[in-house]
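A.B. asks: Shown below is the structure under consideration.
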Protein chains: 2
Amino acid sequence: MNFPDLLEERWRETGSLLCVGLDPERAKLPVHLRQRPDALFEFCREIADATASWACAFKPQAAYFAAEGAEDALARLIEHLRERHPRVPVILDAKRGDIGATARQYAREAFERYGAHAVTLSPYMGGDSIEPFLEHPGRGVFLLCRTSNPGGDDLQMLDAGGERVFERVARLAAGAWSGADRAGRVGLVVGATYPQELARVRELAPGLPLLVPGIGAQGGDLAAALAAGCRRDGAGILLNSSRAILYAGSGTDFAAAAETAAKETFEQIRALRPSAGARG
Amino acid sequence: MNFPDLLEERWRETGSLLCVGLDPERAKLPVHLRQRPDALFEFCREIADATASWACAFKPQAAYFAAEGAEDALARLIEHLRERHPRVPVILDAKRGDIGATARQYAREAFERYGAHAVTLSPYMGGDSIEPFLEHPGRGVFLLCRTSNPGGDDLQMLDAGGERVFERVARLAAGAWSGADRAGRVGLVVGATYPQELARVRELAPGLPLLVPGIGAQGGDLAAALAAGCRRDGAGILLNSSRAILYAGSGTDFAAAAETAAKETFEQIRALRPSAGARG
């Protein structure tokens, strides 16, 4: 099943808009796991198994594995996710960006080596840096658009002829970069910390899936993000939470604590999300 | 020795402005190597040993190793380069870009795990996505500025208040993102295919090292790139060539063919480069 269908079905069947981010930082892991050689894999697997019911997607973060030389653990983790939770799409957060033959190698990395359903990319190099990823049938990409960090202003907020750079990215993603036959395969990353800009992106890209980091530990306003980012049908958005779930507990009961945190976030989102048809 | 000192010394001692790009694509390797399990490492090691005398830097491309799950070969390659060619700086071409704790993981990947002297980054997420890399003393970064591909126009050429986005990147890199105590540690990537924009970047960032892909196989005009990109002292630029050197030969003599190609490029550059003081 291709990425857009998998995601739409997940949204519909569970009502979940929560993306569980898997960013395993060894120094933050429960003490009993921290020193084990395969700690990153074991920790993420237990978190994922405990939170899957409340999740519309998983988002493993490549950097944490790369820093430790643990690509093999990342590959086994995604294999586990796909086997054990086949209805939950996996978005590899890698923020790759290159061109031509090199982009094709990164697409092989994300989709063939790791088997992710979708991958995050930087849009700075333009449309031909995205194309090689879309040549993999049914896979998805999420392009950085308006990021949740203060430095995001440096380029993304520049006014380019009456339109800011992040708006241009949104417009290109919804138009030229998507093309007619790729509905739902091109999404955008927009931080929850900027609900006004999130609303603007939703306006420019009414149908695109939006991956929204910045709730939970980063302090974004959940109600505002939901009001701004949901599609008219009340779905269309993946609210990512990593640290608030991963490190909800610090003892041997960390997976149960993570499940409680995920369930609570799921319920907060359900209480606050606009009902289908309420927007627009 | 830190990256800027190493690079300046290399420019001065060898007169070379040639950066040898190590982008090992298995399907393009000489037949006798192609099927060997450690082919990526062996190929790059032989190319590097054959071309080092003509090189001011090596630039291994992470994507080719990542696609094959060969990070270990990349680590051993950089270890070999640093031991065998300690006066040639190594720039890891990874085009990473993330924030906060995640950027710190990518910095660990580039500088601690792989031991690169410098790394390429995307500037889209702004200054705070670059900072964690500069916290590693003496290491360098090269920020994508004006890339050599057609899609580079999509964002980089947007006019933002009388200044195009790539010009803003150049100005920030030379100013706020460098700071007072980081001379030579922040560089820019500017394609040889756009000599006018290369000249503009040199104007905005008179002292920054410029990594310039697009000569050789990509067809950029060497004379125009040198005239546009060199500093006043005739150095300051790394002209990257990958495919034209790597695949100069296709038989068992591939390393000798690579050396000939590197030496010829070195000599073409020497004949065309402006002499010290000739510019400005």
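By convention in this document, the chains of the structure tokens carry letters A, B, ... by their order, each chain's residues are numbered from 1, and ligands are numbered from 1 in the order they are shown.
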Mind checking DSSP for segment 83-181 of chain B and telling me the helix (DSSP H, G or I) residues as a ChimeraX atom specification?

C.D. replies: /B:83-84,100-113,127-134,150-156,165-174

A.B. asks: Write out, as a compact mmCIF listing (two decimals), in the first residue's frame, the residues just selected, with C-alpha atoms.

C.D. replies:
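Output contents, as saved in part.txt:
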# COMPACT_ATOMS: atom_id res chain seq x y z
CA GLU B 83 46.62 9.10 8.36
CA ARG B 84 48.10 8.82 4.91
CA GLY B 100 19.09 21.83 18.56
CA ALA B 101 19.75 18.38 19.94
CA THR B 102 19.39 16.82 16.49
CA ALA B 103 21.96 19.13 14.89
CA ARG B 104 24.34 18.23 17.71
CA GLN B 105 23.95 14.57 16.73
CA TYR B 106 24.79 15.35 13.11
CA ALA B 107 27.82 17.35 14.24
CA ARG B 108 28.95 14.33 16.28
CA GLU B 109 28.43 12.18 13.20
CA ALA B 110 30.60 14.39 10.96
CA PHE B 111 33.36 15.37 13.35
CA GLU B 112 33.59 12.65 16.00
CA ARG B 113 32.42 9.53 14.26
CA GLY B 127 21.70 30.31 12.05
CA ASP B 128 20.79 28.11 14.99
CA SER B 129 21.00 25.04 12.75
CA ILE B 130 24.64 25.87 11.95
CA GLU B 131 25.80 26.83 15.42
CA PRO B 132 26.08 23.28 16.87
CA PHE B 133 28.63 22.43 14.18
CA LEU B 134 30.75 25.47 14.94
CA PRO B 150 18.56 24.15 -12.67
CA GLY B 151 16.16 23.76 -9.71
CA GLY B 152 18.50 25.94 -7.67
CA ASP B 153 16.56 28.88 -9.13
CA ASP B 154 13.34 27.87 -7.37
CA LEU B 155 14.30 29.46 -4.03
CA GLN B 156 17.87 30.73 -4.29
CA VAL B 165 18.07 34.59 -1.32
CA PHE B 166 21.53 33.22 -2.16
CA GLU B 167 22.98 36.70 -1.61
CA ARG B 168 21.35 36.81 1.79
CA VAL B 169 22.93 33.45 2.62
CA ALA B 170 26.35 34.79 1.54
CA ARG B 171 25.90 37.95 3.62
CA LEU B 172 24.75 36.04 6.71
CA ALA B 173 27.58 33.53 6.31
CA ALA B 174 30.16 36.32 6.10

A.B. asks: Taking the backbone alone, and naming residues the way the document does, which bits of segment 107-172 of chain A are strand (DSSP E or B) by DSSP, as a list in words?

C.D. replies: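 Taking segment 107-172 of chain A and keeping strand (DSSP E or B) gives Ala118, Val119, Thr120, Leu121, Gly140, Val141, Phe142, Leu143, Leu144, Cys145, Arg146, Asp159 and Arg164 of chain A.
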
A.B. asks: Write the residues you've just listed into a file as a tab-separated table (two decimals), in the first residue's frame, and include C-alpha atoms for each of them.

C.D. replies:
chain	number	residue	atom	x	y	z
A	118	ALA	CA	8.21	8.76	3.51
A	119	VAL	CA	11.24	10.95	4.23
A	120	THR	CA	11.83	14.57	5.25
A	121	LEU	CA	13.79	16.75	2.79
A	140	GLY	CA	6.16	10.29	0.21
A	141	VAL	CA	8.30	13.33	1.02
A	142	PHE	CA	7.86	16.09	3.59
A	143	LEU	CA	9.62	19.32	2.68
A	144	LEU	CA	10.84	21.77	5.31
A	145	CYS	CA	8.64	24.83	4.95
A	146	ARG	CA	8.34	26.92	8.14
A	159	ASP	CA	9.65	38.67	1.66
A	164	ARG	CA	7.55	34.95	1.95

A.B. asks: Out of A:Gly179, A:Pro37, A:Gly21, A:Gly15, which residue has the shortest atom-to-atom distance to Ser53 of chain A when counting only C-alpha atoms?

C.D. replies: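 Smallest distance to Ser53 of chain A is found for A:Gly15.
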
A.B. asks: For Lys59 of chain B, work out the shell of residues within 7 Å, counting only C-alpha atoms and skipping chain neighbours fewer than 2 positions away, then give it as an MDAnalysis selection string.

C.D. replies: chainID B and resid 19:22 57 61 90:93

A.B. asks: So that I can see what lies close to Leu29 of chain B, please list as an mmCIF file with C-alpha atoms, in the first residue's frame the residues with an atom at most 10 Å from it, counting only C-alpha atoms and leaving out residues fewer than 2 positions away in the same chain.

C.D. replies:
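Writing done, so here's out_34.cif:
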data_model
loop_
_atom_site.group_PDB
_atom_site.id
_atom_site.type_symbol
_atom_site.label_atom_id
_atom_site.label_comp_id
_atom_site.auth_asym_id
_atom_site.auth_seq_id
_atom_site.Cartn_x
_atom_site.Cartn_y
_atom_site.Cartn_z
ATOM 1 C CA PRO B 24 31.776 5.977 -5.544
ATOM 2 C CA GLU B 25 28.853 4.618 -7.528
ATOM 3 C CA ARG B 26 29.172 0.848 -7.578
ATOM 4 C CA ALA B 27 27.751 0.416 -11.083
ATOM 5 C CA VAL B 31 34.696 -4.354 -13.395
ATOM 6 C CA HIS B 32 37.451 -6.058 -11.411
ATOM 7 C CA LEU B 33 36.399 -4.112 -8.280
ATOM 8 C CA ARG B 34 32.650 -3.852 -8.701
ATOM 9 C CA GLN B 35 31.652 -7.133 -7.080
ATOM 10 C CA ALA B 39 34.767 -2.049 -3.335
ATOM 11 C CA LEU B 40 33.706 1.450 -2.251
ATOM 12 C CA PHE B 43 38.230 2.297 -5.018
ATOM 13 C CA LEU B 246 36.963 8.956 -10.627
ATOM 14 C CA TYR B 247 35.896 7.458 -13.920
ATOM 15 C CA GLY B 249 39.681 5.040 -16.605
ATOM 16 C CA SER B 250 37.527 1.952 -16.399
ATOM 17 C CA GLY B 251 40.096 -0.839 -16.245
ATOM 18 C CA PHE B 254 41.845 3.392 -13.152
#

A.B. asks: To one decimal in Å, tell me the separation between atom CA of Glu203 of chain A and atom CA of Gly138 of chain A.

C.D. replies: 25.0 Å

A.B. asks: Distance atom CA of Ala48 of chain B-atom CA of Ala94 of chain B, one decimal place?

C.D. replies: 18.8 Å

A.B. asks: Would you compute the distance between atom CA of Asp23 of chain B and atom CA of Pro60 of chain B? Give it in Å to one decimal.

C.D. replies: 6.2 Å

A.B. asks: Counting only C-alpha atoms, which residue out of A:Ile269, A:Cys44, A:Val189, A:Ala258 sits closest to Tyr64 of chain A?

C.D. replies: A:Cys44

A.B. asks: If we count only C-alpha atoms, what is near Glu264 of chain A at a cut-off of 12 Å, once residues fewer than 5 positions away on the same chain are taken out, given as a PyMOL selection string?

C.D. replies: chain A and resi 16+18+51+54-55+216+241+244-245+248+257-259+269-271

A.B. asks: Would you pick out the contacts of segment 73-82 of chain A at 7 Å or less, using only C-alpha atoms, so that residues sharing its chain but fewer than 3 positions from it are not included, and give the list as a ChimeraX atom specification?

C.D. replies: /A:40-41,45,65,70,85-86,114-116

A.B. asks: At a cut-off of 9 Å, using only C-alpha atoms, what residues contact segment 222-225 of chain B? Leave out same-chain residues fewer than 2 positions from it and give the result as a list in words.

C.D. replies: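 Counting only C-alpha atoms, the residues come to Gly191, Ala192, Thr193, Tyr194, Pro195, Gln196, Leu198, Ala199, Val212, Ile215, Gly216, Gly219, Gly220, Ala227, Ala228, Gly229, Cys230, Leu239, Gln268, Ile269, Leu272 and Arg273 of chain B.
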
A.B. asks: For the residues selected in the previous step, produce a file with C-alpha atoms as a short mmCIF file (atom, residue, chain, number, x, y, z; two decimals), in the first residue's frame.

C.D. replies:
data_model
loop_
_atom_site.label_atom_id
_atom_site.label_comp_id
_atom_site.auth_asym_id
_atom_site.auth_seq_id
_atom_site.Cartn_x
_atom_site.Cartn_y
_atom_site.Cartn_z
CA GLY B 191 28.16 26.22 -8.55
CA ALA B 192 30.70 26.86 -11.32
CA THR B 193 27.78 26.88 -13.74
CA TYR B 194 26.83 30.42 -12.62
CA PRO B 195 30.02 32.55 -12.78
CA GLN B 196 28.13 35.85 -12.40
CA LEU B 198 29.89 33.28 -8.05
CA ALA B 199 31.44 36.74 -8.54
CA VAL B 212 32.67 25.14 -6.26
CA ILE B 215 33.56 21.89 -13.38
CA GLY B 216 34.46 18.73 -15.27
CA GLY B 219 30.49 21.51 -17.86
CA GLY B 220 31.14 24.71 -15.92
CA ALA B 227 38.10 34.75 -12.44
CA ALA B 228 34.86 35.05 -10.50
CA GLY B 229 35.59 33.03 -7.39
CA CYS B 230 39.22 33.45 -6.38
CA LEU B 239 37.09 23.55 -7.47
CA GLN B 268 44.56 23.81 -16.37
CA ILE B 269 43.65 25.59 -13.16
CA LEU B 272 44.01 29.99 -15.79
CA ARG B 273 43.98 31.19 -12.19
#
